[in-house]
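Text of entry22.cif, listed as mmCIF, C-alpha atoms:
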```cif
data_query
loop_
_atom_site.label_atom_id
_atom_site.label_comp_id
_atom_site.auth_asym_id
_atom_site.auth_seq_id
_atom_site.Cartn_x
_atom_site.Cartn_y
_atom_site.Cartn_z
CA ALA A 1 5.12 -34.45 -68.71
CA GLY A 2 7.86 -36.99 -69.11
CA PRO A 3 11.02 -37.93 -67.25
CA GLU A 4 12.80 -34.60 -67.77
CA ALA A 5 9.88 -32.62 -66.35
CA ALA A 6 9.58 -35.01 -63.41
CA PHE A 7 13.29 -34.65 -62.74
CA ALA A 8 13.09 -30.84 -62.93
CA ARG A 9 10.15 -30.77 -60.51
CA ARG A 10 12.02 -33.06 -58.10
CA VAL A 11 15.12 -30.85 -58.25
CA MET A 12 13.04 -27.70 -57.67
CA LEU A 13 11.28 -29.29 -54.69
CA GLU A 14 14.61 -30.32 -53.19
CA GLU A 15 16.00 -26.81 -53.69
CA ILE A 16 12.87 -25.26 -52.12
CA LEU A 17 13.22 -27.52 -49.08
CA ILE A 18 16.91 -26.65 -48.76
CA ALA A 19 16.16 -22.92 -49.06
CA LEU A 20 13.36 -23.19 -46.48
CA ASP A 21 15.71 -24.99 -44.11
CA GLU A 22 18.21 -22.12 -44.41
CA LEU A 23 15.69 -19.58 -43.13
CA PRO A 24 15.72 -18.46 -39.52
CA ARG A 25 13.11 -20.46 -37.60
CA ASN A 26 10.73 -17.53 -37.09
CA GLN A 27 10.71 -16.69 -40.82
CA ARG A 28 10.29 -20.33 -41.85
CA GLU A 29 7.40 -20.84 -39.43
CA VAL A 30 5.53 -17.78 -40.71
CA PHE A 31 6.13 -18.68 -44.36
CA VAL A 32 5.00 -22.30 -43.94
CA ALA A 33 1.99 -21.37 -41.82
CA HIS A 34 0.78 -18.76 -44.28
CA GLU A 35 1.71 -20.25 -47.66
CA ILE A 36 1.38 -23.98 -47.02
CA GLU A 37 -1.05 -24.30 -44.13
CA GLY A 38 -3.21 -21.30 -45.05
CA VAL A 39 -3.09 -19.68 -41.62
CA SER A 40 -3.91 -15.97 -41.70
CA PHE A 41 -1.62 -13.39 -40.16
CA LYS A 42 -4.40 -12.42 -37.78
CA GLN A 43 -4.71 -16.05 -36.62
CA MET A 44 -0.94 -16.36 -36.21
CA SER A 45 -0.83 -13.14 -34.24
CA ALA A 46 -3.58 -14.31 -31.90
CA THR A 47 -1.86 -17.66 -31.37
CA THR A 48 1.70 -16.43 -30.95
CA GLY A 49 1.23 -12.97 -29.49
CA VAL A 50 3.48 -11.57 -32.24
CA GLY A 51 2.15 -8.48 -34.00
CA VAL A 52 0.78 -8.77 -37.54
CA ASN A 53 3.34 -6.28 -38.87
CA THR A 54 6.18 -8.32 -37.42
CA LEU A 55 4.76 -11.47 -39.00
CA LEU A 56 4.44 -9.68 -42.34
CA THR A 57 8.05 -8.55 -42.12
CA ARG A 58 9.22 -12.08 -41.32
CA LYS A 59 7.33 -13.47 -44.32
CA HIS A 60 8.66 -10.72 -46.57
CA GLU A 61 12.23 -11.55 -45.55
CA ALA A 62 11.57 -15.26 -46.11
CA VAL A 63 10.22 -14.58 -49.60
CA ARG A 64 13.23 -12.42 -50.46
CA HIS A 65 15.58 -15.20 -49.37
CA LEU A 66 13.67 -17.86 -51.29
CA ARG A 67 13.59 -15.73 -54.44
CA ARG A 68 17.34 -15.15 -54.31
CA LYS A 69 18.15 -18.79 -53.66
CA LEU A 70 15.79 -20.23 -56.23
CA ARG A 71 16.05 -17.69 -59.07
CA ASP A 72 19.06 -19.26 -60.82
CA ILE A 73 17.82 -22.84 -60.72
CA PHE A 74 14.32 -21.83 -61.78
CA ASP A 75 15.66 -19.81 -64.70
CA GLU A 76 17.84 -22.72 -65.78
CA TYR A 77 14.94 -25.16 -65.89
CA ALA A 78 12.36 -22.70 -67.19
CA ASN A 79 14.62 -21.78 -70.10
CA SER A 80 15.24 -25.43 -70.89
CA GLY A 81 11.49 -26.05 -71.11
CA SER A 82 11.60 -28.71 -68.38
CA LEU A 83 9.19 -26.94 -66.03
#
```
Kindly transcribe the structure held in the file into structure tokens.
Amino acid sequence: AGPEAAFARRVMLEEILIALDELPRNQREVFVAHEIEGVSFKQMSATTGVGVNTLLTRKHEAVRHLRRKLRDIFDEYANSGSL
């Protein structure tokens, strides 16, 4: 709690949004649908006609990108005790 923690959370959210925006559209859509909207891969596959394995690969690539992009900033704030 406190202003430093609020600032750190705001910075992390901004960095997450930037990193999400950098993803290719198909990876971003799968990541958001699964992680934020709670759509299953089976549901996405039925809706889009894209195979489950392809959707899993797209999400995996999105997660790898997000981890790379966010690792440094997360470590900086986690080590400072602001998160």
| Could you pull the residues within 10 Å of Arg28 in chain A, counting only C-alpha atoms, minus those fewer than 2 positions along the same chain, as a PyMOL selection string? | chain A and resi 19-26+30-34+58-59+61-63
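Considering all atoms listed in the file, the residue among A:Glu15, A:Leu55, A:Arg9, A:Gly2 positioned nearest to Ala78 in chain A is A:Arg9.
When only C-alpha atoms are used to compute distances to Lys69 in chain A, the closest of the residues A:Phe7, A:Val52, A:Phe41, A:Met12 turns out to be A:Met12.
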| note | Across A:Glu76, A:Leu13, A:Glu4, A:Gln27, the smallest distance to Thr54 in chain A, with only C-alpha atoms counted, is shown by A:Gln27
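Using all atoms listed in the file, the contacts of Lys42 in chain A at a cut-off of 9 Å, with sequence neighbours closer than 4 positions omitted, comprise Ala46, Thr47, Gly51 and Val52 of chain A.
Residue nearest Ser40 in chain A, chosen from A:Ile73, A:Leu56, A:Ile16, A:Ala8 and counting all atoms listed in the file: A:Leu56.
Our summary of the geometry notes that CA of Arg10 in chain A is positioned 13.5 Å from CA of Leu70 in chain A.
Here CA of Asp75 in chain A is placed at a distance of 12.8 Å from CA of Val11 in chain A.
Proximity of A:Glu29, A:Pro3, A:Thr57, A:Arg64 to Met44 in chain A, computed with only C-alpha atoms, is greatest for A:Glu29.
In this model, the gap between CA of Glu35 in chain A and CA of Leu17 in chain A comes to 13.7 Å.
For the set A:Gln43, A:Asn53, A:Ile36, A:Ile18, the residue with the smallest atom-to-atom gap to Leu66 in chain A is A:Ile18, counting only C-alpha atoms.
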